[in-house]
file target-v2.pdb (PDB, C-alpha atoms)
ATOM      1  CA  MET A   1     -16.856  37.761 -34.711
ATOM      2  CA  GLU A   2     -13.411  36.523 -33.727
ATOM      3  CA  CYS A   3     -11.494  34.756 -30.997
ATOM      4  CA  MET A   4     -10.162  36.883 -28.140
ATOM      5  CA  CYS A   5      -6.777  35.117 -28.358
ATOM      6  CA  SER A   6      -5.709  37.263 -31.336
ATOM      7  CA  ARG A   7      -6.530  40.400 -29.374
ATOM      8  CA  ARG A   8      -4.556  39.232 -26.357
ATOM      9  CA  ALA A   9      -1.453  38.184 -28.297
ATOM     10  CA  ASN A  10      -0.033  41.705 -28.449
ATOM     11  CA  LEU A  11      -0.400  42.070 -24.695
ATOM     12  CA  THR A  12       1.549  38.921 -23.869
ATOM     13  CA  SER A  13       4.310  39.273 -26.472
ATOM     14  CA  SER A  14       5.914  42.079 -24.448
ATOM     15  CA  SER A  15       4.328  41.142 -21.153
ATOM     16  CA  LEU A  16       7.541  41.434 -19.136
ATOM     17  CA  ALA A  17       8.573  44.820 -20.581
ATOM     18  CA  ASN A  18       6.998  46.759 -17.728
ATOM     19  CA  THR A  19       9.175  49.818 -18.312
ATOM     20  CA  HIS A  20       9.205  49.968 -22.111
ATOM     21  CA  ASP A  21       9.788  53.554 -23.304
ATOM     22  CA  SER A  22       6.423  53.687 -25.112
ATOM     23  CA  LEU A  23       4.628  53.325 -21.786
ATOM     24  CA  ARG A  24       5.949  56.732 -20.750
ATOM     25  CA  ARG A  25       3.460  58.203 -23.241
ATOM     26  CA  CYS A  26       0.464  56.367 -21.777
ATOM     27  CA  TRP A  27      -1.808  57.059 -18.820
ATOM     28  CA  HIS A  28      -1.336  55.039 -15.631
ATOM     29  CA  PRO A  29      -2.990  55.188 -12.194
ATOM     30  CA  VAL A  30      -0.563  56.026  -9.404
ATOM     31  CA  ALA A  31      -2.819  56.714  -6.404
ATOM     32  CA  ARG A  32      -6.369  56.719  -5.103
ATOM     33  CA  SER A  33      -7.923  60.181  -4.993
ATOM     34  CA  SER A  34      -8.480  59.748  -1.259
ATOM     35  CA  GLU A  35      -4.733  59.304  -0.683
ATOM     36  CA  VAL A  36      -3.703  62.701  -2.073
ATOM     37  CA  SER A  37      -4.022  65.877   0.013
ATOM     38  CA  ASP A  38      -1.907  69.016   0.396
ATOM     39  CA  THR A  39       0.652  66.819   2.176
ATOM     40  CA  PRO A  40       3.183  65.367  -0.327
ATOM     41  CA  PHE A  41       2.374  61.801  -1.406
ATOM     42  CA  GLY A  42       4.988  59.538  -2.996
ATOM     43  CA  ALA A  43       4.311  57.236  -5.938
ATOM     44  CA  VAL A  44       6.382  55.120  -8.324
ATOM     45  CA  LEU A  45       5.717  54.655 -12.035
ATOM     46  CA  LEU A  46       7.964  52.968 -14.623
ATOM     47  CA  GLY A  47      10.895  53.216 -12.235
ATOM     48  CA  GLU A  48      10.387  56.957 -11.672
ATOM     49  CA  HIS A  49       9.686  58.386  -8.230
ATOM     50  CA  LEU A  50       6.928  61.004  -8.191
ATOM     51  CA  VAL A  51       5.448  63.433  -5.691
ATOM     52  CA  LEU A  52       1.744  64.298  -5.721
ATOM     53  CA  PHE A  53      -0.150  66.930  -3.733
ATOM     54  CA  ARG A  54      -3.259  69.085  -3.920
ATOM     55  CA  SER A  55      -3.291  72.823  -4.395
ATOM     56  CA  ASP A  56      -6.741  74.432  -4.072
ATOM     57  CA  GLY A  57      -8.171  70.965  -4.571
ATOM     58  CA  GLU A  58      -6.337  70.316  -7.843
ATOM     59  CA  VAL A  59      -3.816  67.494  -8.012
ATOM     60  CA  LYS A  60      -0.247  68.405  -8.965
ATOM     61  CA  ALA A  61       2.452  65.869  -9.870
ATOM     62  CA  PHE A  62       6.204  66.275 -10.368
ATOM     63  CA  TYR A  63       9.321  64.155 -10.214
ATOM     64  CA  ASP A  64      10.210  63.552  -6.581
ATOM     65  CA  ARG A  65      13.486  65.453  -6.429
ATOM     66  CA  CYS A  66      14.474  69.024  -5.789
ATOM     67  CA  PRO A  67      16.619  70.311  -8.685
ATOM     68  CA  HIS A  68      18.993  71.965  -6.216
ATOM     69  CA  ARG A  69      20.519  68.907  -4.485
ATOM     70  CA  GLY A  70      18.137  66.127  -5.382
ATOM     71  CA  ALA A  71      16.363  65.907  -2.032
ATOM     72  CA  PRO A  72      13.033  64.021  -2.131
ATOM     73  CA  LEU A  73      10.070  66.372  -2.199
ATOM     74  CA  THR A  74       7.959  63.806  -0.389
ATOM     75  CA  LEU A  75       9.732  65.247   2.681
ATOM     76  CA  ALA A  76       8.685  68.803   1.784
ATOM     77  CA  THR A  77       6.327  71.003   3.792
ATOM     78  CA  PRO A  78       3.108  72.317   2.179
ATOM     79  CA  GLN A  79       3.224  76.101   1.917
ATOM     80  CA  ALA A  80       1.563  78.786  -0.236
ATOM     81  CA  GLY A  81      -0.207  76.080  -2.247
ATOM     82  CA  GLY A  82       3.140  74.551  -3.167
ATOM     83  CA  LEU A  83       6.049  72.795  -1.480
ATOM     84  CA  ARG A  84       9.009  73.949   0.589
ATOM     85  CA  CYS A  85      11.984  71.596   0.248
ATOM     86  CA  ALA A  86      13.111  70.002   3.521
ATOM     87  CA  TYR A  87      16.833  70.390   2.655
ATOM     88  CA  HIS A  88      17.515  74.090   1.953
ATOM     89  CA  GLY A  89      14.009  75.494   2.145
ATOM     90  CA  TRP A  90      13.531  76.300  -1.528
ATOM     91  CA  LEU A  91       9.859  77.127  -2.052
ATOM     92  CA  TYR A  92       8.070  75.936  -5.195
ATOM     93  CA  SER A  93       4.758  77.277  -6.454
ATOM     94  CA  PRO A  94       1.929  74.941  -7.592
ATOM     95  CA  THR A  95       3.287  75.267 -11.148
ATOM     96  CA  GLY A  96       6.683  73.948 -10.034
ATOM     97  CA  ARG A  97       8.521  77.256 -10.360
ATOM     98  CA  CYS A  98      10.865  78.181  -7.504
ATOM     99  CA  ILE A  99       9.697  81.424  -5.881
ATOM    100  CA  GLU A 100      12.049  81.643  -2.905
ATOM    101  CA  ILE A 101      15.647  80.634  -2.121
ATOM    102  CA  PRO A 102      16.204  81.590   1.543
ATOM    103  CA  ALA A 103      20.012  81.406   1.402
ATOM    104  CA  LEU A 104      20.157  84.105  -1.308
ATOM    105  CA  GLY A 105      17.954  86.592   0.491
ATOM    106  CA  PRO A 106      14.686  88.176  -0.668
ATOM    107  CA  GLU A 107      16.174  90.465  -3.319
ATOM    108  CA  ALA A 108      18.270  87.935  -5.237
ATOM    109  CA  PRO A 109      17.043  86.831  -8.680
ATOM    110  CA  ILE A 110      15.965  83.208  -8.987
ATOM    111  CA  PRO A 111      17.461  81.212 -11.894
ATOM    112  CA  SER A 112      14.917  80.081 -14.489
ATOM    113  CA  ARG A 113      16.208  76.526 -14.242
ATOM    114  CA  ALA A 114      15.119  76.406 -10.589
ATOM    115  CA  ARG A 115      11.890  74.555 -11.213
ATOM    116  CA  LEU A 116      10.536  71.082 -10.632
ATOM    117  CA  GLY A 117      10.628  68.385 -13.281
ATOM    118  CA  SER A 118       7.192  68.371 -14.913
ATOM    119  CA  LEU A 119       5.270  65.403 -16.333
ATOM    120  CA  GLY A 120       3.315  64.927 -19.539
ATOM    121  CA  GLY A 121       0.041  65.211 -17.686
ATOM    122  CA  VAL A 122      -1.953  64.436 -14.553
ATOM    123  CA  GLN A 123      -5.717  63.847 -14.387
ATOM    124  CA  GLU A 124      -8.175  62.675 -11.769
ATOM    125  CA  ARG A 125     -10.829  60.172 -12.832
ATOM    126  CA  LEU A 126     -12.755  57.212 -11.401
ATOM    127  CA  GLY A 127     -11.466  57.986  -7.912
ATOM    128  CA  MET A 128      -7.853  57.644  -9.055
ATOM    129  CA  ILE A 129      -4.956  59.871 -10.074
ATOM    130  CA  PHE A 130      -3.658  59.087 -13.563
ATOM    131  CA  VAL A 131      -0.238  60.249 -14.745
ATOM    132  CA  CYS A 132       1.478  60.344 -18.139
ATOM    133  CA  LEU A 133       5.239  60.843 -17.825
ATOM    134  CA  ASP A 134       5.710  62.238 -21.357
ATOM    135  CA  ASP A 135       3.320  63.701 -23.934
ATOM    136  CA  PRO A 136       0.482  61.186 -24.533
ATOM    137  CA  LEU A 137       0.532  59.087 -27.695
ATOM    138  CA  PRO A 138      -2.234  59.722 -30.267
ATOM    139  CA  GLY A 139      -5.199  57.464 -29.552
ATOM    140  CA  VAL A 140      -4.186  56.871 -25.927
ATOM    141  CA  GLU A 141      -6.984  57.980 -23.627
ATOM    142  CA  LEU A 142      -8.114  57.669 -20.050
ATOM    143  CA  PRO A 143     -10.564  54.851 -19.287
ATOM    144  CA  GLU A 144     -14.269  55.642 -19.206
ATOM    145  CA  VAL A 145     -16.769  53.869 -16.951
ATOM    146  CA  PRO A 146     -20.329  55.245 -17.318
ATOM    147  CA  GLU A 147     -21.421  53.370 -14.178
ATOM    148  CA  ASP A 148     -19.209  55.676 -12.093
ATOM    149  CA  ASP A 149     -21.603  58.547 -12.801
ATOM    150  CA  ASP A 150     -24.786  56.457 -12.482
ATOM    151  CA  PRO A 151     -26.438  56.916  -9.048
ATOM    152  CA  ALA A 152     -28.028  53.460  -9.390
ATOM    153  CA  PHE A 153     -24.586  51.877  -8.976
ATOM    154  CA  LEU A 154     -22.840  51.439  -5.640
ATOM    155  CA  ARG A 155     -19.066  51.769  -5.785
ATOM    156  CA  GLY A 156     -16.504  49.675  -3.905
ATOM    157  CA  GLU A 157     -12.700  49.866  -3.967
ATOM    158  CA  LEU A 158     -10.419  46.886  -3.486
ATOM    159  CA  PRO A 159      -7.154  47.448  -1.611
ATOM    160  CA  VAL A 160      -4.315  48.372  -3.961
ATOM    161  CA  VAL A 161      -2.244  45.238  -4.578
ATOM    162  CA  ARG A 162       1.476  45.119  -5.353
ATOM    163  CA  ALA A 163       2.686  41.988  -7.113
ATOM    164  CA  ARG A 164       5.521  40.655  -9.237
ATOM    165  CA  ALA A 165       4.988  39.796 -12.928
ATOM    166  CA  GLY A 166       4.496  41.449 -16.286
ATOM    167  CA  ALA A 167       1.663  43.985 -16.422
ATOM    168  CA  GLY A 168       0.671  42.626 -19.837
ATOM    169  CA  LEU A 169       0.176  39.176 -18.335
ATOM    170  CA  LEU A 170      -2.351  40.577 -15.881
ATOM    171  CA  ALA A 171      -4.223  42.373 -18.654
ATOM    172  CA  ASP A 172      -4.262  39.120 -20.638
ATOM    173  CA  ASN A 173      -5.556  37.228 -17.610
ATOM    174  CA  PHE A 174      -8.444  39.657 -17.173
ATOM    175  CA  LEU A 175      -9.567  39.090 -20.788
ATOM    176  CA  ASP A 176      -9.207  35.308 -20.571
ATOM    177  CA  THR A 177     -12.444  33.435 -19.803
ATOM    178  CA  ALA A 178     -10.988  29.971 -20.448
ATOM    179  CA  HIS A 179      -9.307  29.860 -17.032
ATOM    180  CA  PHE A 180     -12.513  30.425 -15.042
ATOM    181  CA  PRO A 181     -13.414  26.737 -14.347
ATOM    182  CA  PHE A 182      -9.864  25.940 -13.238
ATOM    183  CA  VAL A 183      -8.267  28.936 -11.528
ATOM    184  CA  HIS A 184     -11.522  30.087  -9.907
ATOM    185  CA  ALA A 185     -12.978  26.729  -8.898
ATOM    186  CA  GLY A 186     -12.883  27.898  -5.283
ATOM    187  CA  THR A 187     -14.990  31.030  -5.883
ATOM    188  CA  PHE A 188     -17.271  31.342  -8.905
ATOM    189  CA  GLY A 189     -15.776  29.030 -11.530
ATOM    190  CA  ALA A 190     -16.896  25.557 -10.425
ATOM    191  CA  GLY A 191     -20.086  25.680 -12.493
ATOM    192  CA  GLU A 192     -18.643  27.583 -15.453
ATOM    193  CA  GLU A 193     -18.880  26.082 -18.913
ATOM    194  CA  ARG A 194     -15.452  25.039 -20.183
ATOM    195  CA  LYS A 195     -16.054  25.768 -23.842
ATOM    196  CA  VAL A 196     -15.527  29.429 -24.764
ATOM    197  CA  GLY A 197     -17.729  30.796 -27.521
ATOM    198  CA  ARG A 198     -17.001  33.450 -30.096
ATOM    199  CA  PHE A 199     -16.826  37.054 -28.968
ATOM    200  CA  ASP A 200     -18.245  39.968 -30.885
ATOM    201  CA  ILE A 201     -15.228  42.301 -31.194
ATOM    202  CA  ARG A 202     -15.883  45.992 -31.766
ATOM    203  CA  ARG A 203     -12.935  48.128 -32.782
ATOM    204  CA  GLU A 204     -12.836  51.801 -31.890
ATOM    205  CA  PRO A 205     -11.358  53.782 -34.819
ATOM    206  CA  GLY A 206      -8.761  56.352 -33.800
ATOM    207  CA  ARG A 207      -8.389  54.846 -30.339
ATOM    208  CA  LEU A 208      -6.074  52.230 -28.893
ATOM    209  CA  SER A 209      -8.989  50.300 -27.470
ATOM    210  CA  PHE A 210     -11.642  47.717 -28.267
ATOM    211  CA  SER A 211     -14.675  46.058 -26.701
ATOM    212  CA  ALA A 212     -15.814  42.448 -26.818
ATOM    213  CA  GLY A 213     -19.241  40.955 -26.019
ATOM    214  CA  TYR A 214     -20.312  37.402 -25.270
ATOM    215  CA  GLU A 215     -23.488  35.730 -23.948
ATOM    216  CA  HIS A 216     -23.552  32.319 -22.292
ATOM    217  CA  SER A 217     -25.616  30.117 -20.017
ATOM    218  CA  PHE A 218     -24.681  29.605 -16.379
ATOM    219  CA  ALA A 219     -26.139  28.272 -13.138
ATOM    220  CA  ASN A 220     -27.272  31.315 -11.148
ATOM    221  CA  ARG A 221     -27.288  29.816  -7.661
ATOM    222  CA  GLU A 222     -27.162  33.258  -6.032
ATOM    223  CA  ASP A 223     -30.488  34.369  -7.523
ATOM    224  CA  PRO A 224     -33.177  34.293  -4.784
ATOM    225  CA  GLY A 225     -35.758  33.972  -7.561
ATOM    226  CA  VAL A 226     -34.466  30.456  -8.255
ATOM    227  CA  ALA A 227     -35.158  29.276  -4.700
ATOM    228  CA  ALA A 228     -38.597  30.894  -4.859
ATOM    229  CA  GLY A 229     -39.410  29.076  -8.097
ATOM    230  CA  GLU A 230     -39.752  32.349 -10.000
ATOM    231  CA  ARG A 231     -36.835  31.753 -12.377
ATOM    232  CA  PRO A 232     -34.935  28.723 -13.687
ATOM    233  CA  LEU A 233     -31.497  27.804 -12.354
ATOM    234  CA  ILE A 234     -29.892  27.992 -15.796
ATOM    235  CA  GLN A 235     -29.924  31.603 -16.924
ATOM    236  CA  THR A 236     -28.175  33.866 -19.425
ATOM    237  CA  ARG A 237     -25.356  36.241 -18.663
ATOM    238  CA  ARG A 238     -23.845  38.858 -20.973
ATOM    239  CA  LEU A 239     -20.152  39.685 -20.581
ATOM    240  CA  THR A 240     -18.905  42.955 -22.076
ATOM    241  CA  TYR A 241     -15.170  43.594 -21.904
ATOM    242  CA  ARG A 242     -13.486  46.867 -22.758
ATOM    243  CA  TYR A 243      -9.742  47.329 -23.149
ATOM    244  CA  VAL A 244      -8.003  50.725 -23.218
ATOM    245  CA  ALA A 245      -4.244  50.805 -23.806
ATOM    246  CA  PRO A 246      -2.038  50.092 -22.113
ATOM    247  CA  PHE A 247      -3.491  48.258 -19.101
ATOM    248  CA  HIS A 248      -7.009  49.567 -18.379
ATOM    249  CA  LEU A 249      -9.783  46.977 -18.468
ATOM    250  CA  THR A 250     -13.422  46.685 -17.448
ATOM    251  CA  LEU A 251     -15.888  43.828 -17.449
ATOM    252  CA  ARG A 252     -19.625  44.489 -17.260
ATOM    253  CA  ILE A 253     -21.789  41.496 -16.372
ATOM    254  CA  ASP A 254     -25.523  41.793 -17.135
ATOM    255  CA  TYR A 255     -27.861  39.139 -15.728
ATOM    256  CA  LEU A 256     -30.590  38.951 -18.345
ATOM    257  CA  GLU A 257     -33.252  36.990 -16.447
ATOM    258  CA  ALA A 258     -32.563  38.002 -12.860
ATOM    259  CA  GLY A 259     -31.710  41.611 -13.701
ATOM    260  CA  GLY A 260     -28.884  43.661 -12.269
ATOM    261  CA  SER A 261     -25.427  44.516 -13.513
ATOM    262  CA  ASN A 262     -21.917  44.271 -12.089
ATOM    263  CA  THR A 263     -18.891  46.067 -13.488
ATOM    264  CA  VAL A 264     -15.334  45.248 -12.504
ATOM    265  CA  GLY A 265     -12.597  47.794 -13.217
ATOM    266  CA  PHE A 266      -9.022  46.537 -13.412
ATOM    267  CA  PHE A 267      -6.246  49.090 -13.838
ATOM    268  CA  VAL A 268      -2.630  47.864 -13.808
ATOM    269  CA  SER A 269       0.212  50.305 -13.174
ATOM    270  CA  PRO A 270       3.834  49.200 -13.905
ATOM    271  CA  LEU A 271       6.199  50.124 -11.095
ATOM    272  CA  SER A 272       9.437  48.560 -12.314
ATOM    273  CA  ASP A 273      10.688  45.846 -14.653
ATOM    274  CA  GLU A 274       9.238  43.179 -12.385
ATOM    275  CA  HIS A 275       6.504  44.764 -10.254
ATOM    276  CA  TYR A 276       3.141  46.459 -10.711
ATOM    277  CA  HIS A 277       0.212  47.832  -8.763
ATOM    278  CA  ILE A 278      -3.386  46.754  -9.339
ATOM    279  CA  PHE A 279      -6.125  49.317  -8.786
ATOM    280  CA  SER A 280      -9.485  47.547  -8.861
ATOM    281  CA  VAL A 281     -13.006  48.950  -8.454
ATOM    282  CA  LEU A 282     -16.489  47.399  -8.364
ATOM    283  CA  TRP A 283     -19.717  49.030  -9.496
ATOM    284  CA  ARG A 284     -22.976  47.186  -8.709
ATOM    285  CA  ASN A 285     -26.646  48.115  -9.005
ATOM    286  CA  ASP A 286     -27.979  44.883  -7.473
ATOM    287  CA  LEU A 287     -27.083  45.421  -3.809
ATOM    288  CA  GLY A 288     -29.959  47.694  -2.827
ATOM    289  CA  GLY A 289     -27.474  50.475  -2.051
ATOM    290  CA  ASP A 290     -26.280  48.545   1.025
ATOM    291  CA  PRO A 291     -22.623  49.356   1.899
ATOM    292  CA  ALA A 292     -22.338  46.172   4.003
ATOM    293  CA  ARG A 293     -23.242  44.050   0.987
ATOM    294  CA  MET A 294     -20.676  45.965  -1.074
ATOM    295  CA  ASP A 295     -18.047  45.184   1.569
ATOM    296  CA  GLU A 296     -18.886  41.505   1.160
ATOM    297  CA  ALA A 297     -18.639  41.847  -2.626
ATOM    298  CA  VAL A 298     -15.213  43.496  -2.300
ATOM    299  CA  ASP A 299     -14.004  40.686  -0.031
ATOM    300  CA  PHE A 300     -15.209  38.101  -2.541
ATOM    301  CA  GLU A 301     -13.501  39.913  -5.415
ATOM    302  CA  MET A 302     -10.259  39.948  -3.423
ATOM    303  CA  GLN A 303     -10.464  36.169  -3.156
ATOM    304  CA  VAL A 304     -10.900  35.974  -6.937
ATOM    305  CA  LEU A 305      -7.870  38.219  -7.449
ATOM    306  CA  LYS A 306      -5.749  36.103  -5.105
ATOM    307  CA  GLU A 307      -6.626  33.033  -7.167
ATOM    308  CA  ASP A 308      -5.408  34.828 -10.292
ATOM    309  CA  LEU A 309      -2.188  36.041  -8.709
ATOM    310  CA  ARG A 310      -1.341  32.581  -7.365
ATOM    311  CA  VAL A 311      -1.112  31.368 -10.971
ATOM    312  CA  ARG A 312      -0.074  34.504 -12.849
ATOM    313  CA  ASN A 313       2.886  35.379 -10.634
ATOM    314  CA  CYS A 314       4.458  32.035 -11.560
ATOM    315  CA  CYS A 315       3.921  32.352 -15.321
ATOM    316  CA  GLN A 316       6.645  33.456 -17.737
ATOM    317  CA  GLY A 317       4.361  34.368 -20.646
ATOM    318  CA  SER A 318       4.835  31.189 -22.722
ATOM    319  CA  TRP A 319       1.914  29.596 -24.534
TER     320      TRP A 319
END

call {"tool": "encode", "arguments": {"input": "target-v2.pdb", "output": "structure tokens"}}
result
Amino acid sequence: MECMCSRRANLTSSSLANTHDSLRRCWHPVARSSEVSDTPFGAVLLGEHLVLFRSDGEVKAFYDRCPHRGAPLTLATPQAGGLRCAYHGWLYSPTGRCIEIPALGPEAPIPSRARLGSLGGVQERLGMIFVCLDDPLPGVELPEVPEDDDPAFLRGELPVVRARAGAGLLADNFLDTAHFPFVHAGTFGAGEERKVGRFDIRREPGRLSFSAGYEHSFANREDPGVAAGERPLIQTRRLTYRYVAPFHLTLRIDYLEAGGSNTVGFFVSPLSDEHYHIFSVLWRNDLGGDPARMDEAVDFEMQVLKEDLRVRNCCQGSW
């Protein structure tokens, strides 16, 4: 058992280096799955402009520039499963290879260098599109959330948020339980215990990830069983954090007496030296499958996030 502070130190030490070269070899979310169709979709990651589109349902991703004259491919027209550049009409196949240059005529050979700039990888998971600009580092993997495949859990997506700060600071904030009674006094933190206990840290050999578990007592005022006299007000809650490098985090909350589980997914994507996107998802099995109740839960979680950003966007990473 150990304190979470030692785990978080590495995140904050380079918290403002949003475009460090090593991050090019890590996976980052750049779009919701629902945003990407056969029509070109633009995204930014680590200062690079990207174009995403679907071909036969599969997501393709390239650098957002035609190698001919640098025109943005987000202006291209979908054709033959690929893209036709809006500037000179060069047609690119789904693999990024140019297959037609109208100005040269149909019989002219096409230079081998006439192809789109490829990335290290693109994968679709958890309702998001993840991109790795260069070849992935050993031990760097995509996040896994078993609740996403569990039909007992209802899924809700928060709006994607753009903010200004270091991505590492946001990851640190997500793992930090000591701020709950102060930053979140307006939402859930007013009754939180101020003392933070020891977490059970579990390392994952061969992976750049770890998990941390912690149980504590809390006042469960939202439990209808308390009002009915079926359960006591003070109950036990288990928190299970999981961190996957560089900025993928989940928190599963299990209510031991009342039953039910909530999982919060928090995926931070660095846009530039100073800005990032937050992709956040909720999974809950205690809402009776009611979409209206999930909408309320999403709204509440947005209020929690706004409380975090009000403080975090002003911090410079000092202890």

call {"tool": "resolve_selection", "arguments": {"input": "target-v2.pdb", "expression": "the PyMOL selection byres ((chain A and resi 237-254) around 8)", "output": "PyMOL selection string"}}
result
chain A and resi 23+26-28+140-143+145+167-168+171+174-175+208-218+235-236+255-256+259-269

call {"tool": "residues_around", "arguments": {"input": "target-v2.pdb", "residues": "region 88-94 of chain A", "least_positions_apart": "3", "cutoff": "10 Å", "atoms": "all atoms listed in the file", "output": "PyMOL selection string"}}
result
chain A and resi 53-56+58-61+66-69+71+76-85+97-103+114-116

call {"tool": "atom_distance", "arguments": {"input": "target-v2.pdb", "atom1": "CA of Ala43 (chain A)", "atom2": "CA of His277 (chain A)"}}
result
10.6 Å

call {"tool": "residues_around", "arguments": {"input": "target-v2.pdb", "residues": "Leu271 (chain A)", "least_positions_apart": "4", "cutoff": "8 Å", "atoms": "only C-alpha atoms", "output": "count of residues only"}}
result
9

call {"tool": "atom_distance", "arguments": {"input": "target-v2.pdb", "atom1": "CA of Glu307 (chain A)", "atom2": "CA of Gly288 (chain A)"}}
result
27.9 Å

call {"tool": "residues_around", "arguments": {"input": "target-v2.pdb", "residues": "Gly120 (chain A)", "least_positions_apart": "3", "cutoff": "10 Å", "atoms": "only C-alpha atoms", "output": "CSV table (one decimal) with C-alpha atoms, keeping the file's coordinate frame"}}
result
chain,number,residue,atom,x,y,z
A,24,ARG,CA,5.9,56.7,-20.8
A,25,ARG,CA,3.5,58.2,-23.2
A,26,CYS,CA,0.5,56.4,-21.8
A,27,TRP,CA,-1.8,57.1,-18.8
A,61,ALA,CA,2.5,65.9,-9.9
A,62,PHE,CA,6.2,66.3,-10.4
A,131,VAL,CA,-0.2,60.2,-14.7
A,132,CYS,CA,1.5,60.3,-18.1
A,133,LEU,CA,5.2,60.8,-17.8
A,134,ASP,CA,5.7,62.2,-21.4
A,135,ASP,CA,3.3,63.7,-23.9
A,136,PRO,CA,0.5,61.2,-24.5

call {"tool": "closest_residue", "arguments": {"input": "target-v2.pdb", "among": "A:Ala152, A:Val183, A:Leu305, A:Ala31", "to": "Asp290 (chain A)", "atoms": "all atoms listed in the file"}}
result
A:Ala152

call {"tool": "residues_around", "arguments": {"input": "target-v2.pdb", "residues": "region 187-195 of chain A", "least_positions_apart": "3", "cutoff": "8 Å", "atoms": "all atoms listed in the file", "output": "JSON list (two decimals) with C-alpha atoms, keeping the file's coordinate frame"}}
result
[["chain", "number", "residue", "atom", "x", "y", "z"],
["A", 178, "ALA", "CA", -10.99, 29.97, -20.45],
["A", 180, "PHE", "CA", -12.51, 30.42, -15.04],
["A", 181, "PRO", "CA", -13.41, 26.74, -14.35],
["A", 182, "PHE", "CA", -9.86, 25.94, -13.24],
["A", 183, "VAL", "CA", -8.27, 28.94, -11.53],
["A", 184, "HIS", "CA", -11.52, 30.09, -9.91],
["A", 217, "SER", "CA", -25.62, 30.12, -20.02],
["A", 218, "PHE", "CA", -24.68, 29.60, -16.38],
["A", 219, "ALA", "CA", -26.14, 28.27, -13.14],
["A", 300, "PHE", "CA", -15.21, 38.10, -2.54],
["A", 303, "GLN", "CA", -10.46, 36.17, -3.16],
["A", 304, "VAL", "CA", -10.90, 35.97, -6.94]]

call {"tool": "atom_distance", "arguments": {"input": "target-v2.pdb", "atom1": "CA of Val160 (chain A)", "atom2": "CA of Thr39 (chain A)"}}
result
20.1 Å

call {"tool": "closest_residue", "arguments": {"input": "target-v2.pdb", "among": "A:Ser272, A:Ser37, A:Thr95, A:Asn173", "to": "Gly57 (chain A)", "atoms": "all atoms listed in the file"}}
result
A:Ser37

call {"tool": "axis_aligned_box", "arguments": {"input": "target-v2.pdb", "around": "region 67-72 of chain A", "padding_each_side": "8 Å", "output": "JSON"}}
result
{"center_x": 16.8, "center_y": 68.0, "center_z": -5.4, "size_x": 23.5, "size_y": 23.9, "size_z": 22.7}

call {"tool": "resolve_selection", "arguments": {"input": "target-v2.pdb", "expression": "the PyMOL selection byres ((chain A and resi 34) around 10)", "output": "VMD selection string"}}
result
chain A and resid 31 to 33 35 to 37 127 to 129

call {"tool": "decode", "arguments": {"input": "target-v2.pdb", "residues": "region 228-240 of chain A", "atoms": "N, CA and C atoms", "output": "JSON list (two decimals), in the first residue's frame"}}
result
[["chain", "number", "residue", "atom", "x", "y", "z"],
["A", 228, "ALA", "N", -36.14, 5.37, 3.51],
["A", 228, "ALA", "CA", -37.11, 4.32, 3.86],
["A", 228, "ALA", "C", -36.73, 3.57, 5.12],
["A", 229, "GLY", "N", -35.58, 3.90, 5.70],
["A", 229, "GLY", "CA", -35.13, 3.22, 6.91],
["A", 229, "GLY", "C", -34.55, 1.84, 6.66],
["A", 230, "GLU", "N", -34.27, 1.51, 5.41],
["A", 230, "GLU", "CA", -33.74, 0.19, 5.07],
["A", 230, "GLU", "C", -32.23, 0.11, 5.23],
["A", 231, "ARG", "N", -31.55, 1.26, 5.09],
["A", 231, "ARG", "CA", -30.09, 1.28, 5.20],
["A", 231, "ARG", "C", -29.65, 2.51, 5.97],
["A", 232, "PRO", "N", -28.48, 2.44, 6.61],
["A", 232, "PRO", "CA", -27.99, 3.60, 7.36],
["A", 232, "PRO", "C", -27.51, 4.71, 6.43],
["A", 233, "LEU", "N", -27.44, 5.92, 6.94],
["A", 233, "LEU", "CA", -26.94, 7.05, 6.15],
["A", 233, "LEU", "C", -25.47, 6.88, 5.82],
["A", 234, "ILE", "N", -24.68, 6.47, 6.80],
["A", 234, "ILE", "CA", -23.24, 6.30, 6.59],
["A", 234, "ILE", "C", -23.00, 4.92, 5.99],
["A", 235, "GLN", "N", -22.47, 4.92, 4.77],
["A", 235, "GLN", "CA", -22.25, 3.67, 4.05],
["A", 235, "GLN", "C", -20.81, 3.60, 3.56],
["A", 236, "THR", "N", -20.49, 2.53, 2.86],
["A", 236, "THR", "CA", -19.13, 2.31, 2.37],
["A", 236, "THR", "C", -19.11, 2.38, 0.85],
["A", 237, "ARG", "N", -18.08, 3.03, 0.36],
["A", 237, "ARG", "CA", -17.91, 3.19, -1.08],
["A", 237, "ARG", "C", -16.49, 2.76, -1.46],
["A", 238, "ARG", "N", -16.39, 1.99, -2.52],
["A", 238, "ARG", "CA", -15.07, 1.56, -3.02],
["A", 238, "ARG", "C", -14.74, 2.36, -4.27],
["A", 239, "LEU", "N", -13.57, 3.00, -4.27],
["A", 239, "LEU", "CA", -13.07, 3.72, -5.43],
["A", 239, "LEU", "C", -11.96, 2.90, -6.08],
["A", 240, "THR", "N", -12.06, 2.67, -7.37],
["A", 240, "THR", "CA", -11.02, 1.95, -8.10],
["A", 240, "THR", "C", -10.60, 2.79, -9.29]]
